[in-house]
Amino acid sequence: MHFLTNIRVGWYLALRQVRRASVWTNTLIVFVMLLTFLNLVVVTGVLVGLVQGITNLYREQETGDVLISTLANQTDISHSPDIISFVKSLPQVTDLSARYVVGGTIEANYQTPPAPGETPNESAASIVGVDPATENAFSHISAFVGEGQYLSAGDYDAVLVGPQLIDRYSFGGDLLPNISALHNVYPGTKVRITVGTTTRVMTVKGILVTTANSPLASKVIMPENELRTLLGRNDYAVNQIAVNVAPGTDTTAFANLLRASGIGADAKVQTAQEAIPAGVAEVEGTFASIGNAIGSIGLVVAAVTIFIVIFINAITRRKFIGILKGIGISGEAIELAYVFQSLMYALVGSAIGLAIVYGFLVPYFGAHPIKLPISDAVIVAPVSGTALRVLLLVVTTAIAGYVPARLIVRKNTLDSILGRN
Amino acid sequence: MAIDVKNLVKSFHDGDRVTRVLKGITLSIDDGSFVAIIGRSGAGKSTFMYQMSLLDEPSEGDVIVEGRSTNEMTNAEETKFRLEKFGYVFQDYALVPELTAVENVALPLLMQGLPRERALADARAALTRVNLEAHLAQLPSQLSGGEQQRVSIARAIAHLPKVLFADEPTANLDRESSDGVMHIFGELHDAGQTIIMVTHELEYAHAAERIIRLDDGVVVSDERVPATERKRYPHPGLQAA
């Protein structure tokens with residue numbers, strides 16, 4: 001009962017002290033709280049969003065929602081035509097792209113032998129054969145053609161080349177093993193493609209312009225019939241079947257359905273999350289940790305700010321605190337008044353921050369990702385993580401409000417009233 | 001409520017130096033009495049009141065209130081005692097600046113656990129008693145000194161305390177406002193309120209029925225004021241305050 005009375009009186013004092021405090025003081029404190037909240041949520045969100053951008057690229061440009069790929073001990077997916085027909089027949093499936101994928105090399109200026117000591121103008125690449133129209137419908141790849149044109153079904157000897165393979169677009173490409181960006185390659189340039197022991201001269205029809213971490217970045221893409229010819233393959237056994245499903249479909253359940261249907265015996269079935277390279281998840285974790293570290297600094301700054309504000313407020317009102325104690329208001333009620341004030345500032349700051357994050361930043365940057373060299377970053381702010389950060393801010397602020405109030409309230413009542421030290 | 005003071009000593013320490021401000025005071029305050037404590041500056045009158053009103057703890061001796069030695073009370077008990085049994089009027093009004101007049105008066109009532117509406121009703125009644133019913137919603141900064149002091153009195157009497165302590169209640173007020181405050185004290189005393197007032201103004205001390213004069217920490221005189229010699233302050237002065 002006494003505790004409830006303390007809460008009631010603490011709230012009574014806090015509410016009125018905040019309501020009748022200077023508008024500028026309130027605005028400044030709430031602004032600090034808002035910045036702290038944004039620092040906690042947005043910095044981490046952008047850092048994680050950088051990786052999320054890569055994840056999104058993989059899902060949009062390669063894996064789809066579910067990726068069916070070659071088993072580790074196989075060279076291709078057995079019974080590919082049957083699998084493709086079956087998957088297409090499933091009601092959840094909205095579109096699908098089957099691809100031939102092999103390792104190879106691409107060489108430019110092959111007619112001019114390299115000078116002594118000079119490395120050949122050659123790079124390792126992933127050679128991919130696709131149905132141009134189907135692939136474009138699936139991954140909108142034509143949107144990434146920065147130079148030249150996209151492929152057509154009837155193209156002969158035509159390839160698209162990823163930006164990491166071209167020196168003027170490559171981002172640190174020369175530092176990667178087996179990849180040395182090609183010089184003097186433009187649409188119309190002849191390049192030599194080698195797969196295994198087969199070599200063929202083809203023409204660059206277009207150059208893709210993507211971020212360095214795009215799955216398209218190091219690929220050479222050609223019409224599937226061209227690659228089949230290059231490989232001498234006529235069995236229509238593909239290496240990847242990327243599948244998109246209708247929004248709202250549980251992709252894990254869908255992948256399980258495919259595995260249970262027997263596809264699992266001929267191919268690896270993975271959700272997008274499973275198919276994305278493991279390194280991406282590790283980078284995501286690393287960036288989240290960096291974001292949390294930066295956020296915790298912001299939290300300390302907010303705590304110190306609130307501490308100073310409450311301490312100055314309490315010390316300048318020391319006489320009133322003494323008088324309140326003198327007339328019988330309990331120390332706990334006075335301390336709670338300061339805690340409640342701090343909580344109000346933190347909650348208002350967080351509420352404005354939530355409105356900004358979920359009302360503007362997340363949807364805006366979802367629609368207009370931040371263009372960065374390594375990916376198109378979005379802001380990732382899962383509700384659970386944000387709620388945890390609000391809780392952190394509120395708890396930190398409450399402590400920062402309580403401590404200075406406690407320091408002042410515990411002083412001798414009469415000394416406070418008379419202003420004695 | 002009777003207050004018995006026994007051999008009260010209050011000393012202040014400043015390093016090795018000890019200053020005895022009260023040097024063994026013994027006296028009793030009767031229930032329902034109006035006592036003025038007077039003396040020159042530094043005589044120890046405010047310090048004496050702080051000991052009696054449980055705002056401070058004596059170095060030696062005892063203050064017995066309602067038969068209980070205050071030496072035996074815990075801090076929490078003292079706080080509860082001050083809240084429920086005592087009322088305080090300070091020289092500089094001591095109102096919470098962010099609370100309106102009625103909110104200031106209601107605060108101790110809320111602390112006593114009264115429901116909000118009841119507390120506000122009692123606060124309004126107390127403010128009406130000091131003729132401030134037209135200023136309920138005003139902040140202290142919007143009130144004159146005299147009006148603030150009347151709010152302070154209303155806060156001190158709203159919970160019907162056993163003893164009302166007033167420390168130099170007229171020191172910061174003009175003549176008219178001071179008269180108004182003394183008029184209220186007179187009315188309260190007439191209604192049976194025990195009042196202990198510290199003042200350095202002899203004229204206002206004569207509103208009390210007993211005058212205790214301190215000098216250098218000891219009681220040098222303790223006189224009853226005959227009813228015929230007691231000064232009464234009229235209502236009109238209050239209204240003008």
# chains A, B, ... in the order shown; residues from 1 in each chain; ligands from 1
call {"tool": "select_by_dssp", "arguments": {"residues": "range 23-214 of chain B", "states": "strand (DSSP E)", "output": "ChimeraX atom specification"}}
result
/B:23-29,34-38,60-65,68-69,86-89,163-167,194-198,210-214
call {"tool": "interface_residues", "arguments": {"of": "chain A", "to": "chain B", "cutoff": "6 Å", "atoms": "only C-alpha atoms", "output": "list in words"}}
result
Gln17, Arg20, Ile327, Gly328 and Leu414 of chain A
call {"tool": "write_last_selection", "arguments": {"atoms": "all heavy atoms", "output": "CSV table (one decimal), in the first residue's frame"}}
result
chain,number,residue,atom,x,y,z
A,17,GLN,N,6.0,18.0,-13.3
A,17,GLN,CA,7.3,18.6,-13.5
A,17,GLN,C,7.6,18.6,-14.9
A,17,GLN,O,8.2,19.6,-15.5
A,17,GLN,CB,8.3,17.9,-12.6
A,17,GLN,CG,8.2,18.3,-11.2
A,17,GLN,CD,9.3,17.7,-10.3
A,17,GLN,OE1,10.0,16.8,-10.7
A,17,GLN,NE2,9.3,18.0,-9.0
A,20,ARG,N,5.2,21.1,-17.0
A,20,ARG,CA,5.4,22.5,-16.7
A,20,ARG,C,6.9,22.9,-16.8
A,20,ARG,O,7.2,24.0,-16.5
A,20,ARG,CB,4.8,22.9,-15.4
A,20,ARG,CG,3.3,22.8,-15.5
A,20,ARG,CD,2.6,23.0,-14.2
A,20,ARG,NE,1.1,22.7,-14.3
A,20,ARG,CZ,0.4,22.1,-13.4
A,20,ARG,NH1,0.9,21.7,-12.3
A,20,ARG,NH2,-0.9,22.0,-13.7
A,327,ILE,N,7.8,18.0,4.7
A,327,ILE,CA,6.4,18.0,4.9
A,327,ILE,C,5.8,16.6,4.9
A,327,ILE,O,4.6,16.4,4.9
A,327,ILE,CB,5.6,18.9,3.9
A,327,ILE,CG1,5.8,18.4,2.5
A,327,ILE,CG2,6.1,20.3,4.1
A,327,ILE,CD1,4.9,19.1,1.5
A,328,GLY,N,6.7,15.6,4.8
A,328,GLY,CA,6.3,14.2,4.9
A,328,GLY,C,6.3,13.4,3.6
A,328,GLY,O,5.8,12.3,3.7
A,414,LEU,N,17.1,18.7,6.8
A,414,LEU,CA,17.2,20.1,7.2
A,414,LEU,C,18.4,20.8,6.4
A,414,LEU,O,18.3,22.0,6.0
A,414,LEU,CB,17.5,20.2,8.7
A,414,LEU,CG,17.4,21.6,9.3
A,414,LEU,CD1,16.0,22.2,9.0
A,414,LEU,CD2,17.7,21.6,10.8
call {"tool": "closest_residue", "arguments": {"among": "A:Ile241, A:Ile276, A:Ala253, A:Ile207", "to": "Tyr58 in chain A", "atoms": "only C-alpha atoms"}}
result
A:Ile276
call {"tool": "residues_around", "arguments": {"residues": "Asp157 in chain A", "least_positions_apart": "4", "cutoff": "9 Å", "atoms": "only C-alpha atoms", "output": "number ranges by chain"}}
result
A: 200-205, 222-223, 226
call {"tool": "write_last_selection", "arguments": {"atoms": "N, CA, C and O atoms", "output": "mmCIF file, in the first residue's frame"}}
result
data_model
loop_
_atom_site.group_PDB
_atom_site.id
_atom_site.type_symbol
_atom_site.label_atom_id
_atom_site.label_comp_id
_atom_site.auth_asym_id
_atom_site.auth_seq_id
_atom_site.Cartn_x
_atom_site.Cartn_y
_atom_site.Cartn_z
ATOM 1 N N ARG A 200 35.866 -21.710 -77.013
ATOM 2 C CA ARG A 200 35.056 -21.113 -78.072
ATOM 3 C C ARG A 200 35.155 -19.592 -77.998
ATOM 4 O O ARG A 200 35.170 -19.023 -76.907
ATOM 5 N N VAL A 201 35.257 -18.986 -79.130
ATOM 6 C CA VAL A 201 35.315 -17.528 -79.180
ATOM 7 C C VAL A 201 33.886 -16.998 -79.256
ATOM 8 O O VAL A 201 33.092 -17.448 -80.091
ATOM 9 N N MET A 202 33.585 -16.050 -78.403
ATOM 10 C CA MET A 202 32.234 -15.478 -78.371
ATOM 11 C C MET A 202 32.334 -13.955 -78.313
ATOM 12 O O MET A 202 33.417 -13.392 -78.092
ATOM 13 N N THR A 203 31.203 -13.315 -78.484
ATOM 14 C CA THR A 203 31.187 -11.850 -78.517
ATOM 15 C C THR A 203 30.472 -11.326 -77.274
ATOM 16 O O THR A 203 29.411 -11.840 -76.896
ATOM 17 N N VAL A 204 31.074 -10.309 -76.679
ATOM 18 C CA VAL A 204 30.417 -9.695 -75.513
ATOM 19 C C VAL A 204 29.232 -8.881 -76.020
ATOM 20 O O VAL A 204 29.407 -7.925 -76.784
ATOM 21 N N LYS A 205 28.024 -9.280 -75.612
ATOM 22 C CA LYS A 205 26.833 -8.528 -76.043
ATOM 23 C C LYS A 205 26.485 -7.440 -75.011
ATOM 24 O O LYS A 205 25.978 -6.382 -75.352
ATOM 25 N N MET A 222 25.310 -16.906 -70.948
ATOM 26 C CA MET A 222 25.014 -17.074 -72.374
ATOM 27 C C MET A 222 23.707 -17.860 -72.515
ATOM 28 O O MET A 222 23.254 -18.483 -71.541
ATOM 29 N N PRO A 223 23.093 -17.872 -73.706
ATOM 30 C CA PRO A 223 21.878 -18.671 -73.882
ATOM 31 C C PRO A 223 22.180 -20.144 -73.624
ATOM 32 O O PRO A 223 23.271 -20.624 -73.949
ATOM 33 N N GLU A 226 23.635 -22.380 -76.267
ATOM 34 C CA GLU A 226 25.034 -22.122 -76.580
ATOM 35 C C GLU A 226 25.952 -22.884 -75.622
ATOM 36 O O GLU A 226 26.951 -23.459 -76.032
#
call {"tool": "closest_residue", "arguments": {"among": "B:Arg232, B:Thr194, B:His206, B:His200", "to": "Gly32 in chain B", "atoms": "only C-alpha atoms"}}
result
B:Thr194
call {"tool": "select_by_dssp", "arguments": {"residues": "range 51-214 of chain B", "states": "helix (DSSP H, G or I)", "output": "VMD selection string"}}
result
chain B and resid 51 to 52 70 to 72 75 to 85 101 to 111 116 to 129 133 to 135 140 to 142 145 to 157 175 to 190 202 to 205
call {"tool": "write_last_selection", "arguments": {"atoms": "C-alpha atoms", "output": "tab-separated table (two decimals), in the first residue's frame"}}
result
chain	number	residue	atom	x	y	z
B	51	GLN	CA	14.23	19.90	16.96
B	52	MET	CA	10.63	20.05	18.16
B	70	THR	CA	11.48	11.11	19.20
B	71	ASN	CA	14.89	9.63	19.93
B	72	GLU	CA	13.30	6.22	19.54
B	75	ASN	CA	13.55	8.03	9.97
B	76	ALA	CA	10.48	6.50	8.35
B	77	GLU	CA	8.47	6.98	11.52
B	78	GLU	CA	9.59	10.59	11.76
B	79	THR	CA	8.59	11.20	8.14
B	80	LYS	CA	5.19	9.62	8.77
B	81	PHE	CA	4.80	11.66	11.94
B	82	ARG	CA	5.62	14.89	10.12
B	83	LEU	CA	3.19	13.98	7.38
B	84	GLU	CA	0.27	13.12	9.60
B	85	LYS	CA	0.68	15.12	12.79
B	101	ALA	CA	-1.94	26.12	-5.56
B	102	VAL	CA	-4.46	23.33	-5.19
B	103	GLU	CA	-1.93	20.69	-6.30
B	104	ASN	CA	0.61	21.93	-3.76
B	105	VAL	CA	-1.93	21.65	-0.99
B	106	ALA	CA	-3.16	18.25	-2.18
B	107	LEU	CA	0.32	16.73	-2.28
B	108	PRO	CA	0.66	15.76	1.42
B	109	LEU	CA	-2.93	14.50	1.35
B	110	LEU	CA	-2.11	12.20	-1.55
B	111	MET	CA	0.93	11.02	0.38
B	116	ARG	CA	-7.15	12.02	-5.66
B	117	GLU	CA	-10.61	13.59	-5.74
B	118	ARG	CA	-10.86	13.63	-1.97
B	119	ALA	CA	-7.37	15.14	-1.69
B	120	LEU	CA	-8.23	17.86	-4.19
B	121	ALA	CA	-11.55	18.56	-2.41
B	122	ASP	CA	-9.80	18.90	0.93
B	123	ALA	CA	-7.14	21.09	-0.69
B	124	ARG	CA	-9.82	23.35	-2.16
B	125	ALA	CA	-11.46	23.59	1.26
B	126	ALA	CA	-8.15	24.55	2.87
B	127	LEU	CA	-7.49	27.20	0.24
B	128	THR	CA	-11.00	28.56	0.72
B	129	ARG	CA	-10.23	28.80	4.41
B	133	GLU	CA	-10.56	30.01	-3.68
B	134	ALA	CA	-10.06	32.24	-6.71
B	135	HIS	CA	-6.42	31.16	-7.17
B	140	PRO	CA	3.29	29.90	-7.33
B	141	SER	CA	5.00	32.19	-9.84
B	142	GLN	CA	1.61	33.70	-10.63
B	145	GLY	CA	4.25	36.66	-1.76
B	146	GLY	CA	1.31	36.94	0.60
B	147	GLU	CA	-0.77	34.63	-1.52
B	148	GLN	CA	2.05	32.10	-1.70
B	149	GLN	CA	2.37	32.16	2.07
B	150	ARG	CA	-1.36	31.55	2.38
B	151	VAL	CA	-1.03	28.57	0.04
B	152	SER	CA	1.76	27.37	2.29
B	153	ILE	CA	-0.55	27.73	5.32
B	154	ALA	CA	-3.32	25.91	3.48
B	155	ARG	CA	-0.89	23.07	2.72
B	156	ALA	CA	0.12	22.97	6.38
B	157	ILE	CA	-3.44	22.79	7.72
B	175	ARG	CA	2.79	44.65	6.22
B	176	GLU	CA	-0.59	43.96	4.74
B	177	SER	CA	0.24	40.38	3.82
B	178	SER	CA	1.84	39.78	7.22
B	179	ASP	CA	-1.30	40.97	8.94
B	180	GLY	CA	-3.30	38.62	6.76
B	181	VAL	CA	-1.16	35.67	7.79
B	182	MET	CA	-1.50	36.57	11.44
B	183	HIS	CA	-5.25	36.86	11.03
B	184	ILE	CA	-5.33	33.28	9.74
B	185	PHE	CA	-3.19	32.07	12.63
B	186	GLY	CA	-5.57	33.78	15.02
B	187	GLU	CA	-8.55	32.04	13.44
B	188	LEU	CA	-6.82	28.68	13.48
B	189	HIS	CA	-5.91	29.04	17.10
B	190	ASP	CA	-9.45	30.03	17.95
B	202	LEU	CA	7.67	41.31	18.62
B	203	GLU	CA	4.40	42.77	17.42
B	204	TYR	CA	3.37	39.51	15.76
B	205	ALA	CA	4.57	37.51	18.74
call {"tool": "residues_around", "arguments": {"residues": "Leu96 in chain A", "least_positions_apart": "5", "cutoff": "8 Å", "atoms": "only C-alpha atoms", "output": "compact mmCIF listing (two decimals) with C-alpha atoms, in the first residue's frame"}}
result
# COMPACT_ATOMS: atom_id res chain seq x y z
CA LYS A 88 6.10 -26.05 -62.29
CA THR A 134 12.76 -17.04 -68.53
CA PHE A 138 12.78 -14.57 -62.90
CA ILE A 241 16.58 -24.77 -60.67
CA ALA A 242 15.68 -21.55 -58.89
CA VAL A 243 12.08 -21.36 -57.76
CA ASN A 244 9.97 -18.44 -56.59
call {"tool": "atom_distance", "arguments": {"atom1": "CA of Tyr169 in chain A", "atom2": "CA of Ser375 in chain A"}}
result
14.1 Å
call {"tool": "atom_distance", "arguments": {"atom1": "CA of Val18 in chain A", "atom2": "CA of Gln341 in chain A"}}
result
6.6 Å
call {"tool": "decode", "arguments": {"residues": "range 74-102 of chain A", "atoms": "N, CA and C atoms", "output": "PDB file, in the first residue's frame"}}
result
ATOM      1  N   GLN A  74      27.708 -35.146 -57.696  1.00  0.00           N
ATOM      2  CA  GLN A  74      27.165 -35.246 -59.058  1.00  0.00           C
ATOM      3  C   GLN A  74      27.642 -34.055 -59.900  1.00  0.00           C
ATOM      4  N   THR A  75      27.531 -34.181 -61.210  1.00  0.00           N
ATOM      5  CA  THR A  75      27.903 -33.069 -62.086  1.00  0.00           C
ATOM      6  C   THR A  75      26.679 -32.275 -62.512  1.00  0.00           C
ATOM      7  N   ASP A  76      25.511 -32.862 -62.375  1.00  0.00           N
ATOM      8  CA  ASP A  76      24.283 -32.156 -62.733  1.00  0.00           C
ATOM      9  C   ASP A  76      23.105 -32.804 -62.020  1.00  0.00           C
ATOM     10  N   ILE A  77      21.915 -32.235 -62.238  1.00  0.00           N
ATOM     11  CA  ILE A  77      20.722 -32.750 -61.550  1.00  0.00           C
ATOM     12  C   ILE A  77      20.084 -33.828 -62.429  1.00  0.00           C
ATOM     13  N   SER A  78      20.072 -35.033 -61.903  1.00  0.00           N
ATOM     14  CA  SER A  78      19.453 -36.125 -62.666  1.00  0.00           C
ATOM     15  C   SER A  78      17.959 -35.875 -62.809  1.00  0.00           C
ATOM     16  N   HIS A  79      17.417 -36.342 -63.902  1.00  0.00           N
ATOM     17  CA  HIS A  79      15.979 -36.221 -64.173  1.00  0.00           C
ATOM     18  C   HIS A  79      15.513 -34.763 -64.137  1.00  0.00           C
ATOM     19  N   SER A  80      16.383 -33.880 -64.587  1.00  0.00           N
ATOM     20  CA  SER A  80      16.034 -32.447 -64.547  1.00  0.00           C
ATOM     21  C   SER A  80      14.702 -32.124 -65.215  1.00  0.00           C
ATOM     22  N   PRO A  81      14.445 -32.599 -66.454  1.00  0.00           N
ATOM     23  CA  PRO A  81      13.170 -32.241 -67.096  1.00  0.00           C
ATOM     24  C   PRO A  81      11.955 -32.668 -66.265  1.00  0.00           C
ATOM     25  N   ASP A  82      12.038 -33.850 -65.652  1.00  0.00           N
ATOM     26  CA  ASP A  82      10.909 -34.317 -64.826  1.00  0.00           C
ATOM     27  C   ASP A  82      10.728 -33.432 -63.595  1.00  0.00           C
ATOM     28  N   ILE A  83      11.863 -33.100 -62.999  1.00  0.00           N
ATOM     29  CA  ILE A  83      11.790 -32.255 -61.789  1.00  0.00           C
ATOM     30  C   ILE A  83      11.199 -30.893 -62.141  1.00  0.00           C
ATOM     31  N   ILE A  84      11.674 -30.326 -63.264  1.00  0.00           N
ATOM     32  CA  ILE A  84      11.167 -29.001 -63.661  1.00  0.00           C
ATOM     33  C   ILE A  84       9.662 -29.066 -63.912  1.00  0.00           C
ATOM     34  N   SER A  85       9.216 -30.106 -64.594  1.00  0.00           N
ATOM     35  CA  SER A  85       7.774 -30.244 -64.872  1.00  0.00           C
ATOM     36  C   SER A  85       6.980 -30.368 -63.581  1.00  0.00           C
ATOM     37  N   PHE A  86       7.519 -31.193 -62.665  1.00  0.00           N
ATOM     38  CA  PHE A  86       6.809 -31.396 -61.398  1.00  0.00           C
ATOM     39  C   PHE A  86       6.721 -30.087 -60.607  1.00  0.00           C
ATOM     40  N   VAL A  87       7.843 -29.406 -60.506  1.00  0.00           N
ATOM     41  CA  VAL A  87       7.865 -28.167 -59.691  1.00  0.00           C
ATOM     42  C   VAL A  87       6.931 -27.126 -60.302  1.00  0.00           C
ATOM     43  N   LYS A  88       6.969 -27.032 -61.631  1.00  0.00           N
ATOM     44  CA  LYS A  88       6.095 -26.051 -62.294  1.00  0.00           C
ATOM     45  C   LYS A  88       4.626 -26.323 -62.011  1.00  0.00           C
ATOM     46  N   SER A  89       4.308 -27.603 -61.788  1.00  0.00           N
ATOM     47  CA  SER A  89       2.899 -27.971 -61.596  1.00  0.00           C
ATOM     48  C   SER A  89       2.393 -27.637 -60.194  1.00  0.00           C
ATOM     49  N   LEU A  90       3.308 -27.323 -59.301  1.00  0.00           N
ATOM     50  CA  LEU A  90       2.871 -27.054 -57.921  1.00  0.00           C
ATOM     51  C   LEU A  90       2.205 -25.675 -57.839  1.00  0.00           C
ATOM     52  N   PRO A  91       1.091 -25.573 -57.111  1.00  0.00           N
ATOM     53  CA  PRO A  91       0.346 -24.317 -57.092  1.00  0.00           C
ATOM     54  C   PRO A  91       1.088 -23.165 -56.408  1.00  0.00           C
ATOM     55  N   GLN A  92       2.024 -23.491 -55.515  1.00  0.00           N
ATOM     56  CA  GLN A  92       2.733 -22.414 -54.813  1.00  0.00           C
ATOM     57  C   GLN A  92       3.717 -21.687 -55.724  1.00  0.00           C
ATOM     58  N   VAL A  93       4.117 -22.337 -56.825  1.00  0.00           N
ATOM     59  CA  VAL A  93       5.219 -21.814 -57.636  1.00  0.00           C
ATOM     60  C   VAL A  93       4.724 -20.692 -58.552  1.00  0.00           C
ATOM     61  N   THR A  94       5.430 -19.570 -58.516  1.00  0.00           N
ATOM     62  CA  THR A  94       5.057 -18.452 -59.391  1.00  0.00           C
ATOM     63  C   THR A  94       5.960 -18.376 -60.612  1.00  0.00           C
ATOM     64  N   ASP A  95       7.250 -18.636 -60.438  1.00  0.00           N
ATOM     65  CA  ASP A  95       8.122 -18.746 -61.602  1.00  0.00           C
ATOM     66  C   ASP A  95       9.365 -19.553 -61.247  1.00  0.00           C
ATOM     67  N   LEU A  96      10.085 -19.869 -62.293  1.00  0.00           N
ATOM     68  CA  LEU A  96      11.183 -20.824 -62.116  1.00  0.00           C
ATOM     69  C   LEU A  96      12.206 -20.578 -63.216  1.00  0.00           C
ATOM     70  N   SER A  97      13.481 -20.763 -62.897  1.00  0.00           N
ATOM     71  CA  SER A  97      14.510 -20.648 -63.930  1.00  0.00           C
ATOM     72  C   SER A  97      15.505 -21.787 -63.757  1.00  0.00           C
ATOM     73  N   ALA A  98      15.726 -22.507 -64.852  1.00  0.00           N
ATOM     74  CA  ALA A  98      16.695 -23.608 -64.826  1.00  0.00           C
ATOM     75  C   ALA A  98      17.984 -23.112 -65.472  1.00  0.00           C
ATOM     76  N   ARG A  99      19.113 -23.474 -64.866  1.00  0.00           N
ATOM     77  CA  ARG A  99      20.398 -22.957 -65.360  1.00  0.00           C
ATOM     78  C   ARG A  99      21.431 -24.071 -65.463  1.00  0.00           C
ATOM     79  N   TYR A 100      22.294 -23.890 -66.445  1.00  0.00           N
ATOM     80  CA  TYR A 100      23.479 -24.726 -66.536  1.00  0.00           C
ATOM     81  C   TYR A 100      24.614 -23.896 -65.953  1.00  0.00           C
ATOM     82  N   VAL A 101      25.359 -24.472 -65.059  1.00  0.00           N
ATOM     83  CA  VAL A 101      26.442 -23.721 -64.416  1.00  0.00           C
ATOM     84  C   VAL A 101      27.710 -24.571 -64.415  1.00  0.00           C
ATOM     85  N   VAL A 102      28.766 -24.021 -65.015  1.00  0.00           N
ATOM     86  CA  VAL A 102      30.049 -24.741 -64.997  1.00  0.00           C
ATOM     87  C   VAL A 102      31.166 -23.743 -64.750  1.00  0.00           C
TER      88      VAL A 102
END
